[in-house]
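Okay, structure15.cif now, which holds mmCIF, C-alpha atoms:
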```cif
data_data
#
loop_
_atom_site.group_PDB
_atom_site.id
_atom_site.type_symbol
_atom_site.label_atom_id
_atom_site.label_comp_id
_atom_site.auth_asym_id
_atom_site.auth_seq_id
_atom_site.Cartn_x
_atom_site.Cartn_y
_atom_site.Cartn_z
ATOM 1 C CA MET A 1 166.110 41.556 -5.678
ATOM 2 C CA LYS A 2 165.496 39.442 -2.586
ATOM 3 C CA GLN A 3 162.176 37.590 -2.523
ATOM 4 C CA PRO A 4 160.139 38.742 0.505
ATOM 5 C CA GLU A 5 159.435 36.133 3.168
ATOM 6 C CA LEU A 6 156.096 34.358 2.785
ATOM 7 C CA LEU A 7 154.253 34.470 6.098
ATOM 8 C CA TYR A 8 151.013 32.765 5.114
ATOM 9 C CA GLU A 9 149.297 31.355 2.057
ATOM 10 C CA GLY A 10 145.540 30.887 1.895
ATOM 11 C CA LYS A 11 143.161 29.851 -0.838
ATOM 12 C CA ALA A 12 143.075 33.233 -2.579
ATOM 13 C CA LYS A 13 145.854 35.335 -1.013
ATOM 14 C CA GLN A 14 149.435 35.349 0.197
ATOM 15 C CA LEU A 15 150.921 37.440 2.997
ATOM 16 C CA PHE A 16 154.551 38.580 2.854
ATOM 17 C CA ARG A 17 156.794 40.209 5.433
ATOM 18 C CA THR A 18 157.837 43.844 4.910
ATOM 19 C CA GLU A 19 160.581 45.940 6.522
ATOM 20 C CA ASP A 20 158.018 47.034 9.123
ATOM 21 C CA ASP A 21 157.081 44.197 11.491
ATOM 22 C CA ASP A 22 153.612 45.699 11.915
ATOM 23 C CA VAL A 23 152.893 45.826 8.158
ATOM 24 C CA VAL A 24 152.380 42.984 5.689
ATOM 25 C CA LEU A 25 152.044 42.847 1.925
ATOM 26 C CA MET A 26 148.842 41.080 0.839
ATOM 27 C CA HIS A 27 149.000 39.503 -2.628
ATOM 28 C CA TYR A 28 145.799 38.454 -4.413
ATOM 29 C CA LYS A 29 145.854 35.244 -6.455
ATOM 30 C CA ASP A 30 143.567 34.113 -9.298
ATOM 31 C CA THR A 31 142.434 30.989 -7.461
ATOM 32 C CA ALA A 32 138.693 30.369 -7.096
ATOM 33 C CA THR A 33 137.408 27.910 -4.499
ATOM 34 C CA ALA A 34 134.076 26.716 -3.176
ATOM 35 C CA PHE A 35 132.634 24.132 -0.785
ATOM 36 C CA ASN A 36 135.609 24.231 1.629
ATOM 37 C CA ASN A 37 138.167 23.964 -1.182
ATOM 38 C CA ILE A 38 136.537 20.915 -2.795
ATOM 39 C CA LYS A 39 135.902 22.841 -6.002
ATOM 40 C CA LYS A 40 138.893 24.766 -7.331
ATOM 41 C CA ALA A 41 139.803 26.660 -10.486
ATOM 42 C CA THR A 42 141.931 29.504 -11.770
ATOM 43 C CA ILE A 43 140.128 32.544 -13.164
ATOM 44 C CA ALA A 44 142.546 34.841 -14.971
ATOM 45 C CA GLY A 45 142.521 38.348 -13.527
ATOM 46 C CA LYS A 46 140.306 37.571 -10.530
ATOM 47 C CA GLY A 47 143.032 38.572 -8.087
ATOM 48 C CA VAL A 48 143.435 41.941 -9.779
ATOM 49 C CA LEU A 49 139.695 42.578 -9.588
ATOM 50 C CA ASN A 50 139.374 41.526 -5.936
ATOM 51 C CA ASN A 51 142.392 43.591 -4.912
ATOM 52 C CA LYS A 52 140.913 46.719 -6.465
ATOM 53 C CA ILE A 53 137.371 46.049 -5.211
ATOM 54 C CA SER A 54 138.479 45.294 -1.649
ATOM 55 C CA ALA A 55 140.739 48.364 -1.615
ATOM 56 C CA ILE A 56 137.830 50.629 -2.565
ATOM 57 C CA ILE A 57 135.532 49.064 0.024
ATOM 58 C CA PHE A 58 138.094 49.138 2.853
ATOM 59 C CA GLY A 59 138.879 52.729 1.933
ATOM 60 C CA CYS A 60 135.205 53.602 2.383
ATOM 61 C CA LEU A 61 135.110 51.779 5.722
ATOM 62 C CA ASN A 62 138.227 53.614 6.917
ATOM 63 C CA GLU A 63 136.606 56.923 5.951
ATOM 64 C CA ALA A 64 133.490 55.904 7.899
ATOM 65 C CA GLY A 65 135.576 55.397 11.039
ATOM 66 C CA VAL A 66 135.601 51.587 11.034
ATOM 67 C CA PRO A 67 138.988 50.318 12.297
ATOM 68 C CA THR A 68 140.518 48.039 9.643
ATOM 69 C CA HIS A 69 143.887 46.526 8.757
ATOM 70 C CA TYR A 70 143.932 48.207 5.321
ATOM 71 C CA ILE A 71 146.610 50.836 4.618
ATOM 72 C CA ARG A 72 146.793 51.304 0.841
ATOM 73 C CA ARG A 73 146.856 49.522 -2.508
ATOM 74 C CA LEU A 74 150.292 49.249 -4.095
ATOM 75 C CA ASN A 75 149.548 47.871 -7.565
ATOM 76 C CA ASP A 76 147.167 45.562 -9.417
ATOM 77 C CA ARG A 77 147.658 42.605 -7.078
ATOM 78 C CA ASP A 78 149.198 43.908 -3.870
ATOM 79 C CA GLN A 79 148.174 46.060 -0.926
ATOM 80 C CA LEU A 80 149.741 46.984 2.391
ATOM 81 C CA CYS A 81 147.888 46.036 5.568
ATOM 82 C CA ARG A 82 148.556 46.159 9.276
ATOM 83 C CA ARG A 83 149.783 42.841 10.569
ATOM 84 C CA VAL A 84 147.193 41.172 12.759
ATOM 85 C CA GLU A 85 146.607 37.915 14.554
ATOM 86 C CA ILE A 86 143.450 36.629 12.928
ATOM 87 C CA ILE A 87 140.648 35.650 15.297
ATOM 88 C CA PRO A 88 139.598 32.226 13.938
ATOM 89 C CA LEU A 89 135.957 33.148 13.440
ATOM 90 C CA GLU A 90 133.973 34.071 10.353
ATOM 91 C CA ILE A 91 131.119 36.462 11.039
ATOM 92 C CA ILE A 92 128.368 36.015 8.458
ATOM 93 C CA VAL A 93 125.842 38.829 8.018
ATOM 94 C CA ARG A 94 122.592 37.936 6.269
ATOM 95 C CA ASN A 95 120.289 40.729 5.110
ATOM 96 C CA ILE A 96 118.404 38.411 2.760
ATOM 97 C CA VAL A 97 118.056 34.629 2.933
ATOM 98 C CA ALA A 98 120.214 32.784 0.402
ATOM 99 C CA GLY A 99 122.576 29.844 0.043
ATOM 100 C CA SER A 100 123.108 27.522 3.015
ATOM 101 C CA LEU A 101 120.674 29.416 5.239
ATOM 102 C CA ALA A 102 117.828 28.858 2.791
ATOM 103 C CA LYS A 103 118.540 25.111 2.824
ATOM 104 C CA ARG A 104 119.029 24.971 6.585
ATOM 105 C CA LEU A 105 115.730 26.721 7.394
ATOM 106 C CA GLY A 106 113.691 25.584 4.402
ATOM 107 C CA LEU A 107 113.161 29.145 3.179
ATOM 108 C CA GLU A 108 113.151 30.482 -0.361
ATOM 109 C CA GLU A 109 116.180 32.367 -1.578
ATOM 110 C CA GLY A 110 115.363 36.047 -1.699
ATOM 111 C CA PHE A 111 113.205 36.069 1.445
ATOM 112 C CA LYS A 112 113.880 39.239 3.454
ATOM 113 C CA PRO A 113 113.591 38.663 7.211
ATOM 114 C CA SER A 114 112.505 41.420 9.575
ATOM 115 C CA ASN A 115 115.881 41.278 11.304
ATOM 116 C CA THR A 116 119.525 41.010 10.294
ATOM 117 C CA ILE A 117 120.834 37.483 10.899
ATOM 118 C CA TYR A 118 124.338 36.908 12.263
ATOM 119 C CA ASP A 119 126.075 33.535 12.082
ATOM 120 C CA ILE A 120 129.500 32.536 13.387
ATOM 121 C CA CYS A 121 131.725 29.834 11.928
ATOM 122 C CA TYR A 122 134.839 28.462 13.584
ATOM 123 C CA LYS A 123 137.699 28.743 11.082
ATOM 124 C CA SER A 124 139.102 25.223 10.978
ATOM 125 C CA ASP A 125 139.815 23.426 7.718
ATOM 126 C CA ALA A 126 140.064 20.123 9.585
ATOM 127 C CA LEU A 127 136.526 20.553 10.961
ATOM 128 C CA GLY A 128 135.026 22.109 7.807
ATOM 129 C CA ASP A 129 134.488 25.567 9.359
ATOM 130 C CA PRO A 130 131.527 24.489 11.542
ATOM 131 C CA LEU A 131 128.677 26.795 12.496
ATOM 132 C CA ILE A 132 128.958 27.646 16.196
ATOM 133 C CA ASN A 133 127.372 30.028 18.710
ATOM 134 C CA ASP A 134 128.734 32.715 21.030
ATOM 135 C CA HIS A 135 129.221 30.301 23.936
ATOM 136 C CA HIS A 136 131.189 27.880 21.760
ATOM 137 C CA ALA A 137 133.453 30.732 20.634
ATOM 138 C CA VAL A 138 134.186 31.703 24.250
ATOM 139 C CA ALA A 139 134.645 28.066 25.295
ATOM 140 C CA LEU A 140 137.202 27.628 22.488
ATOM 141 C CA GLY A 141 139.155 30.513 24.002
ATOM 142 C CA VAL A 142 139.312 32.534 20.790
ATOM 143 C CA VAL A 143 137.304 35.511 22.131
ATOM 144 C CA THR A 144 135.712 36.811 25.306
ATOM 145 C CA TYR A 145 132.088 37.853 25.645
ATOM 146 C CA ASP A 146 133.173 41.501 25.754
ATOM 147 C CA GLU A 147 135.169 41.052 22.546
ATOM 148 C CA LEU A 148 132.175 39.419 20.872
ATOM 149 C CA LYS A 149 130.033 42.383 21.886
ATOM 150 C CA GLN A 150 132.583 44.698 20.282
ATOM 151 C CA ILE A 151 132.762 42.549 17.138
ATOM 152 C CA TYR A 152 128.976 42.526 16.741
ATOM 153 C CA SER A 153 128.846 46.298 17.187
ATOM 154 C CA MET A 154 131.522 46.782 14.547
ATOM 155 C CA THR A 155 129.781 44.297 12.253
ATOM 156 C CA ALA A 156 126.486 46.189 12.464
ATOM 157 C CA ARG A 157 128.286 49.407 11.512
ATOM 158 C CA ILE A 158 130.080 47.658 8.632
ATOM 159 C CA ASN A 159 126.733 46.378 7.366
ATOM 160 C CA GLU A 160 125.278 49.903 7.410
ATOM 161 C CA VAL A 161 128.219 51.325 5.452
ATOM 162 C CA LEU A 162 128.271 48.505 2.910
ATOM 163 C CA LYS A 163 124.525 48.520 2.274
ATOM 164 C CA SER A 164 124.655 52.271 1.644
ATOM 165 C CA LEU A 165 127.669 51.895 -0.658
ATOM 166 C CA PHE A 166 126.109 49.117 -2.727
ATOM 167 C CA ASP A 167 122.738 50.878 -2.866
ATOM 168 C CA ARG A 168 124.519 53.712 -4.673
ATOM 169 C CA ILE A 169 125.580 51.325 -7.442
ATOM 170 C CA ASN A 170 122.187 49.578 -7.712
ATOM 171 C CA ILE A 171 123.347 46.424 -5.946
ATOM 172 C CA THR A 172 121.597 44.512 -3.152
ATOM 173 C CA LEU A 173 123.991 43.338 -0.446
ATOM 174 C CA VAL A 174 122.398 39.954 0.231
ATOM 175 C CA ASP A 175 124.973 38.633 2.694
ATOM 176 C CA PHE A 176 128.684 38.705 3.416
ATOM 177 C CA LYS A 177 131.329 37.171 5.656
ATOM 178 C CA ILE A 178 134.090 39.034 7.429
ATOM 179 C CA GLU A 179 137.023 38.316 9.705
ATOM 180 C CA PHE A 180 138.651 40.273 12.493
ATOM 181 C CA GLY A 181 142.160 40.349 13.881
ATOM 182 C CA ARG A 182 144.157 41.763 16.785
ATOM 183 C CA THR A 183 146.903 44.282 16.134
ATOM 184 C CA SER A 184 150.212 44.206 18.029
ATOM 185 C CA ASP A 185 148.730 46.640 20.577
ATOM 186 C CA GLY A 186 145.666 44.453 21.121
ATOM 187 C CA ARG A 187 143.080 46.419 19.116
ATOM 188 C CA ILE A 188 140.430 44.452 17.229
ATOM 189 C CA VAL A 189 140.164 45.519 13.585
ATOM 190 C CA LEU A 190 138.419 44.304 10.463
ATOM 191 C CA ALA A 191 140.805 42.171 8.395
ATOM 192 C CA ASP A 192 140.996 39.900 5.327
ATOM 193 C CA GLU A 193 139.051 41.147 2.246
ATOM 194 C CA ILE A 194 135.582 42.223 1.139
ATOM 195 C CA SER A 195 134.878 41.337 -2.473
ATOM 196 C CA PRO A 196 132.506 39.277 -4.632
ATOM 197 C CA ASP A 197 134.366 36.266 -3.198
ATOM 198 C CA THR A 198 133.025 37.075 0.266
ATOM 199 C CA CYS A 199 129.651 38.714 -0.508
ATOM 200 C CA ARG A 200 126.453 37.865 -2.330
ATOM 201 C CA LEU A 201 125.674 40.803 -4.605
ATOM 202 C CA TRP A 202 122.523 40.954 -6.720
ATOM 203 C CA ASP A 203 121.699 43.610 -9.289
ATOM 204 C CA LYS A 204 118.632 45.442 -7.995
ATOM 205 C CA THR A 205 117.021 45.709 -11.420
ATOM 206 C CA THR A 206 117.809 42.393 -13.104
ATOM 207 C CA LYS A 207 118.439 40.264 -9.957
ATOM 208 C CA GLU A 208 121.580 38.978 -11.710
ATOM 209 C CA ARG A 209 124.117 37.435 -9.343
ATOM 210 C CA LEU A 210 127.424 39.267 -9.473
ATOM 211 C CA ASP A 211 129.463 37.211 -7.021
ATOM 212 C CA ARG A 212 131.108 33.852 -6.310
ATOM 213 C CA ASP A 213 127.799 32.006 -6.696
ATOM 214 C CA ARG A 214 128.499 32.186 -10.417
ATOM 215 C CA PHE A 215 131.472 29.887 -9.760
ATOM 216 C CA ARG A 216 129.785 27.766 -7.087
ATOM 217 C CA ARG A 217 126.783 27.065 -9.311
ATOM 218 C CA ASP A 218 128.553 26.824 -12.679
ATOM 219 C CA MET A 219 126.735 29.871 -14.017
ATOM 220 C CA GLY A 220 129.701 31.094 -16.046
ATOM 221 C CA ARG A 221 130.923 34.672 -16.668
ATOM 222 C CA VAL A 222 132.535 34.896 -13.231
ATOM 223 C CA ARG A 223 135.219 37.412 -14.157
ATOM 224 C CA GLU A 224 132.703 39.512 -16.089
ATOM 225 C CA ALA A 225 130.454 39.711 -13.010
ATOM 226 C CA TYR A 226 133.357 40.895 -10.852
ATOM 227 C CA GLU A 227 134.220 43.462 -13.542
ATOM 228 C CA VAL A 228 130.692 44.891 -13.261
ATOM 229 C CA ILE A 229 131.155 45.427 -9.507
ATOM 230 C CA LEU A 230 134.536 47.099 -9.985
ATOM 231 C CA ASP A 231 133.314 49.321 -12.827
ATOM 232 C CA ARG A 232 130.389 50.562 -10.750
ATOM 233 C CA LEU A 233 132.506 51.210 -7.664
ATOM 234 C CA GLU A 234 135.114 53.077 -9.680
ATOM 235 C CA ALA A 235 132.387 55.176 -11.289
ATOM 236 C CA LEU A 236 131.501 56.535 -7.827
ATOM 237 C CA LYS A 237 134.921 58.168 -7.584
ATOM 238 C CA LYS A 238 134.543 60.090 -10.874
#
```
Mind turning this structure into structure tokens?
Amino acid sequence: MKQPELLYEGKAKQLFRTEDDDVVLMHYKDTATAFNNIKKATIAGKGVLNNKISAIIFGCLNEAGVPTHYIRRLNDRDQLCRRVEIIPLEIIVRNIVAGSLAKRLGLEEGFKPSNTIYDICYKSDALGDPLINDHHAVALGVVTYDELKQIYSMTARINEVLKSLFDRINITLVDFKIEFGRTSDGRIVLADEISPDTCRLWDKTTKERLDRDRFRRDMGRVREAYEVILDRLEALKK
């Protein structure tokens, strides 16, 4: 059997060509990274967990009318997605102060602001994914102001859907980062993945961290934390 053509390889995923030029196969790896790839490890089964978790979440977003690249999950590690040109921006949504924001502003982790905070990072490994603002993004030529307005509107809707979803499984959605891409016909859609790799997820009762912070901060039991998220999401479907 002919090996499919590799289109792109990132830290945690690979993209392969399919027979349809507008569809790619996304393969989830077991690689764990932190601090702009300075800290790396392999966590057995993490790719399987993230593939299943992201598939459930993107399925919910599709049902809620959010345009995404997700089509369907194929197996434990692979899913089919619409091929997009990724917009080189990370949109970070912060419902509760944690991580780098707490250090940057001198606030305690767990502080809940009266507003939702949106940050943008320019996706550039060479520059360390710097924090930028709307005007920088437009000056870089990666988006227009109208496209940013659309992205923020979609992001607010995504936040609503995700907070409701995680509330149902007794999880606080602390923050998360997402990416967008353009389809071949120019539509902007949500892309990449949504998983414990890209979100901070705290148990509402115990305050236990069930996300990548367990790897970042050497807390241990990373895979077990991801398993908790998957088990709870799957229980919603029963």
For a cut-off of 7 Å around (137.9, 46.8, 10.5), file coordinates, pick out all residues using only C-alpha atoms and list them as a list of chain:residue names.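 Selection result: A:Val66, A:Pro67, A:Thr68, A:His69, A:Phe180, A:Val189, A:Leu190, A:Ala191.
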List as a list in words the protein and nucleic acid residues near A:Leu101, meaning an atom at most 12 Å away when all atoms listed in the file are counted, but skip any in the same chain fewer than 2 places from it.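 Listing them by chain and then by number gives Ile92, Val93, Arg94, Asn95, Ile96, Val97, Ala98, Gly99, Lys103, Arg104, Leu105, Gly106, Leu107, Glu108, Glu109, Gly110, Phe111, Pro113, Ile117, Tyr118, Asp119, Leu131, Val174 and Asp175 of chain A.
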Residue with smallest distance to A:Ala235 - pool A:Leu140, A:Ile56, A:Val48, A:Ile132, counting all atoms listed in the file: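 For A:Ala235, the nearest of the candidates is A:Ile56.
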Would you mind listing what lies within 10 Å of A:Ala225 as a PyMOL selection string, with all atoms listed in the file counted and same-chain residues fewer than 5 positions away left out? chain A and resi 196+201+208-212+214+220+230
List the spatial neighbours of A:Ala156 as an MDAnalysis selection string - criterion: any atom at most 12 Å away, all atoms listed in the file, same-chain residues fewer than 2 positions off excluded. chainID A and resid 66 91:95 115:118 149:154 158:163 176 178
Considering all atoms listed in the file, tabulate each residue of stretch 165-227 of chain A that lies at most 9 Å from stretch 30-35 of chain A along with its nearest interatomic pair and the corresponding distance in Å to one decimal; arrange the rows by chain and ascending residue number and present them as a tab-separated table.
```
residue	atom	partner	partner_atom	distance
A:Asp197	CA	A:Ala32	CA	8.3
A:Arg212	CA	A:Ala34	CA	8.3
A:Asp213	CA	A:Ala34	CA	8.9
A:Phe215	CA	A:Ala32	CA	7.7
A:Arg216	CA	A:Ala34	CA	5.9
```
Which residue is closest to A:His136? Choose from A:Leu148, A:Lys46, A:Val222, A:Asp167 and count all atoms listed in the file.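 When distances to A:His136 are compared using all atoms listed in the file, the smallest one comes from A:Leu148.
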Selection dump of the PyMOL selection byres ((chain A and resi 80) around 8), as an MDAnalysis selection string: chainID A and resid 23:26 70:74 78:79 81:82
Smallest atom-to-atom distance to A:Thr42: which of A:Asn170, A:Arg223, A:Ser184, A:Glu234, using all atoms listed in the file?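 Looking at the shortest contact to A:Thr42, the residue is A:Arg223.
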Choose the residue, out of A:Ala64, A:Ala102, A:Ile120, A:Ile86, that has the smallest atom-to-atom separation from A:His135; count all atoms listed in the file. A:Ile120
Find the residue from A:Phe58, A:Tyr8, A:Trp202, A:Tyr145 that sits nearest to A:Leu173; use all atoms listed in the file when measuring.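 Of the candidates, the smallest distance to A:Leu173 is held by A:Trp202.
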Minimum-distance residue to A:Lys177, chosen among A:Thr18, A:Ser195, A:Gln3, A:Asn75 (using all atoms listed in the file):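 Smallest distance to A:Lys177 is found for A:Ser195.
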What is the atom CA of A:Gln14 to atom CA of A:Glu224 distance in Å?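 According to the coordinates, atom CA of A:Gln14 and atom CA of A:Glu224 are separated by 23.7 Å.
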Apply the PyMOL selection byres ((chain A and resi 57) around 9) to the file shown and report the selected residues as number ranges by chain. A: 52-56, 58-62, 162, 165, 193-195, 233
Quick one: which residues end up in the PyMOL selection byres ((chain A and resi 129) around 12) for this structure, as a PDB file with C-alpha atoms, in the coordinates of the input?
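Generated output (result-v4.pdb):
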```
ATOM      1  CA  PHE A  35     132.634  24.132  -0.785  1.00  0.00           C
ATOM      2  CA  ASN A  36     135.609  24.231   1.629  1.00  0.00           C
ATOM      3  CA  ASN A  37     138.167  23.964  -1.182  1.00  0.00           C
ATOM      4  CA  PRO A  88     139.598  32.226  13.938  1.00  0.00           C
ATOM      5  CA  LEU A  89     135.957  33.148  13.440  1.00  0.00           C
ATOM      6  CA  GLU A  90     133.973  34.071  10.353  1.00  0.00           C
ATOM      7  CA  ILE A  91     131.119  36.462  11.039  1.00  0.00           C
ATOM      8  CA  ASP A 119     126.075  33.535  12.082  1.00  0.00           C
ATOM      9  CA  ILE A 120     129.500  32.536  13.387  1.00  0.00           C
ATOM     10  CA  CYS A 121     131.725  29.834  11.928  1.00  0.00           C
ATOM     11  CA  TYR A 122     134.839  28.462  13.584  1.00  0.00           C
ATOM     12  CA  LYS A 123     137.699  28.743  11.082  1.00  0.00           C
ATOM     13  CA  SER A 124     139.102  25.223  10.978  1.00  0.00           C
ATOM     14  CA  ASP A 125     139.815  23.426   7.718  1.00  0.00           C
ATOM     15  CA  ALA A 126     140.064  20.123   9.585  1.00  0.00           C
ATOM     16  CA  LEU A 127     136.526  20.553  10.961  1.00  0.00           C
ATOM     17  CA  GLY A 128     135.026  22.109   7.807  1.00  0.00           C
ATOM     18  CA  PRO A 130     131.527  24.489  11.542  1.00  0.00           C
ATOM     19  CA  LEU A 131     128.677  26.795  12.496  1.00  0.00           C
ATOM     20  CA  ILE A 132     128.958  27.646  16.196  1.00  0.00           C
TER      21      ILE A 132
END
```
So how far away is atom CA of A:Leu49 from atom CA of A:Tyr226, in Å?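 Computing the Euclidean distance for atom CA of A:Tyr226 and atom CA of A:Leu49 yields 6.7 Å.
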Atom CA of A:Asp218 to atom CA of A:Thr206, straight-line distance in Å: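 Answer for the atom CA of A:Thr206 to atom CA of A:Asp218 separation: 18.9 Å.
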